[in-house]
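Enquirer: Below you'll find the structure I mean.
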Amino acid sequence: MRRELATLGRYPIYLIFMVVMPVVAVLFFTTILSSAQPTDMPVGVVDMDDSPSTRRMARLLDAFQTSEVVAKYPSLSDARRAVQRGEIYAFLYVPEGTTAKLVSGRKPTISFYYSMTSMTSGSLLFRDLKTISSLGNAALMQATLRARGATEDQIMAYLQPITVDLHPVNNPTLDYNAYLSTTLVPGVLTLFMFLLTVYSLGTELKFGTASGLLSEAGDNICIALAGKLLPLFIFSLSLFYFYEYYVYGYLGFPHYGGPWPLVWLGLLTVLASLGFGLFMFGLLPQLRMSMSACSLWAVLSFSMVGSIFPASDMDAPLEALTWLFPLRHYFMIYQAVVFNGYPVSGVWWHVVALVIFALLPLLVLPRIRKALKYYVYVP
Amino acid sequence: MRILRSIYAQLGQVCRIWRDEMRTFVRDEGVFLFCLLMPAVYPLLYAWIYNNEVVREVPVAVVDNSQSAFSREFIHKVDATPDVRVACRAVSLDEARRMVERQEVRGIYYIPEELAEGIFAGCRTFISVYADMAVTLQYKSIYMAASNVVGRMNKDIRISRMSSLTTARDEDVAAAPLQFEEVPIFNPSLGYGGFILPCVLMLVLQQTLLLGIGLSEGTRRERRRLCAVQRPSLSRGYGIRLAVGKGLAYFMVYSVWAAYLSMVVPRCFGLVMLADWRDLLAIMFPYLLSCISFALMLSWMVRFRENVLLLVVFTSIPFLFLSGISWPQSSIPAFWQGVASLIPSTYAIRAYVRMASMGATVADVMPEFRALWTQAAVYFVFASVVMWRTRRQTES
């Protein structure tokens with residue numbers, strides 16, 4: 001243990017990757033997503049009709065929080081090229097004669113072109129369009145109905161006999177930051193934990209100090225590993241708690257489960273990540289191979305976690321494979337217990353899985369011992 | 001004549017460096033893994049993960065307190081949409097809530113008792129949608145399905161109330177005097193894969209280059225430190241020749257990968273590919289150059305070969321975000337925009353997505369094209385300096 005602290009002091013890289021980089025990662029995700037929902041995304045208008053009512057439509061679009069009309073284009077192809085150049089994400093196309101058709105009841109068509117190559121902006125702008133199209137129609141019909149002497153209530157009841165009343169449970173503002181930061185940041189943290197576990201053991205091999213470590217621990221592999229990994233464990237755990245405090249305490253992300261689930265979930269995740277790293281090292285007791293394997297695993301877990309694209313919609317074998325990723329279990333427990341405040345009983349399998357990950361290294365202890373004692377570093 | 005001979009000697013040196021570097025590809029397992037295996041396998045893996053593209057049939061529970069023709073119509077129509085699947089009908093809201101807690105369903109449609117009476121009496125009525133917000137795409141499906149179905153039902157109800165109208169055409173006009181048409185122009189299948197995969201493809205190129213070059217440079221520095229080989233004194237411009245020679249080796253291998261990732265993989269998985277190969281070539285060429293120089297430049301940070309993994313691996317996700325595809329560019333804070341402009345993948349992803357998915361030409365992505373060339377030039381200068389300095393440190 002004391003020996004390990006001395007090693008930590010000697011190589012600044014430990015400090016950088018245990019503290020500085022994770023903090024940078026936490027700040028990165030929380031600041032880049034700080035606007036919670038993208039606002040004022042640039043959109044364009046192609047108004048071939050150019051009458052007061054179509055101009056009002058463009059102003060309506062501008063008034064939405066998510067969109068901002070930045071330019072008018074003389075033709076459809078000009079607007080399309082602007083999308084291709086990345087200047088705008090969507091545009092409203094009003095063909096010639098719209099007003100004339102409207103007045104004579106010939107049902108003109110207005111088109112809204114939006115690019116779905118950027119998922120977030122595409123779906124948000126689509127939502128605006130939905131609102132505009134119903135508002136646009138409503139405004140027209142409202143005028144007719146009011147002329148017939150209907151009251152405001154009657155008008156609304158007429159226009160929307162059934163209204164969809166949305167209750168976004170537990171995240172009423174639809175804050176994207178709360179979605180992404182809560183899975184991507186733990187992902188980065190587990191990645192560092194994987195790699196550092198392997199790295200700290202592997203460098204012992206590399207510099208030929210591994211047998212020294214064992215003899216100092218009285219040839220007891222458990223003591224050796226415990227002493228070796230205790231500082232890393234303490235650092236990682238405090239970092240994880242710092243992240244959780246920062247995100248839930250300071251930034252106030254939804255956590256309806258209260259603070260206790262956060263505490264045990266953090267502990268479990270850290271243990272499972274260190275356990276997984278150790279297991280990998282036991283399987284492939286070569287610094288480079290085990291680090292490569294860990295990084296492949298960690299990078300894949302960002303996709304397999306299923307927070308953005310749900311795991312249930314992946315192919316069946318892939319869905320089964322998600323069980324092999326600690327981050328996936330973290331996410332499943334997080335979304336049920338922390339985010340929604342449901343009882344643990346719904347996701348207890350995932351808790352068991354994390355515990356198994358933490359215990360995995362027991363299987364390979366003899367191998368690690370052999371590796372530390374006899375293996376020679378191969379560059 | 002002497003000038004010619006010196007040029008010849010220098011070219012010879014470049015070729016020797018190139019040859020040595022090509023050898024490490026095969027000899028060094030790490031470089032082999034990252035530069036030859038990963039670019040081949042990774043995209044296929046990702047394509048498989050996102051192969052289903054869209055979220056379908058999200059399970060929901062329905063609480064039908066109305067038990068009327070309207071509520072049954074709503075349930076049938078919602079169930080018929082591709083977005084959601086009515087997994088069960090709960091007796092009460094509490095029962096449905098417990099099902100959400102057990103993760104059996106992801107949302108609840110609650111139809112209150114007074115729905116049918118309200119509609120007949122001409123009052124406003126409500127259908128409540130409770131969605132579990134943990135997975136965004138699922139929430140969107142639940143909400144979209146309900147609002148689409150209700151929109152159509154509203155129109156029918158309005159029409160049925162207008163006794164004065166006679167023809168179907170009249171009814172249609174009265175219900176919606178103005179028609180809106182929504183046209184998703186690019187990535188029309190609205191798929192998640194079609195959106196994320198092009199970004200991943202470009203990023204794989206850069207990240208594997210960073211890893212491979214970092215590994216091989218790290219190894220070289222370690223070995224030098226161990227054996228302390230004495231080399232003849234360094235002549236002027238050695239750094240440039242080193243950078244050119246090494247760069248050439250990586251460039252050769254990666255031209256193949258760039259072609260594979262930008263043309264073959266998208267075709268295999270049926271992604272939208274509107275770009276002409278000449279346009280792609282025009283972008284990939286500066287992209288590879290700037291990536292290689294960028295990687296050579298960053299190799300000064302690698303003291304031991306394994307450190308490069310720690311340095312590079314975690315950057316993948318932030319780089320993806322910085323490119324401004326998954327999170328709109330206009331919403332990225334200015335500071336991070338600045339950081340993004342230092343990274344080759346930012347411009348390559350933007351340019352590639354616009355060309356491949358939107359059919360833009362090189363003329364449309366001129367800013368990105370220029371940025372990539374600028375990066376290539378600037379990083380090459382730095383890379384030469386780094387090469388020269390590290391050699392001097394380890395060899396003198």
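Labeling convention for the structure tokens: chains A, B, ... as they appear, residues from 1 per chain, ligands from 1 in order of appearance.
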Find the residues in chain A near chain B: any atom within 7 Å counts, using only C-alpha atoms. Write them as a PyMOL selection string.

Expert: chain A and resi 32+38-39+41+84-85+102+105+107-121+133+137+157-158+160-171+188+195+288+295+307-310+313-314+335+342+346

Enquirer: Mind pulling up the distance from atom CA of His350 of chain A to atom CA of Gly266 of chain A?

Expert: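 Distance between the two atoms: 13.9 Å.
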
Enquirer: Mind checking which residues fall within 10 Å of segment 355-359 of chain A, counting only C-alpha atoms, ignoring those fewer than 6 positions away in the same chain, and posting them as a PyMOL selection string?

Expert: chain A and resi 268-279+324-326+349

Enquirer: Please compute the atom CA of Ala87 of chain B-atom CA of Pro59 of chain B distance, one decimal, in Å.

Expert: 5.3 Å

Enquirer: Restricting the calculation to only C-alpha atoms, which member of A:Ser303, A:Thr322, A:Thr66, A:Ser292 is positioned closest to Leu211 of chain B?

Expert: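 The answer is A:Ser292, which sits nearest to Leu211 of chain B.
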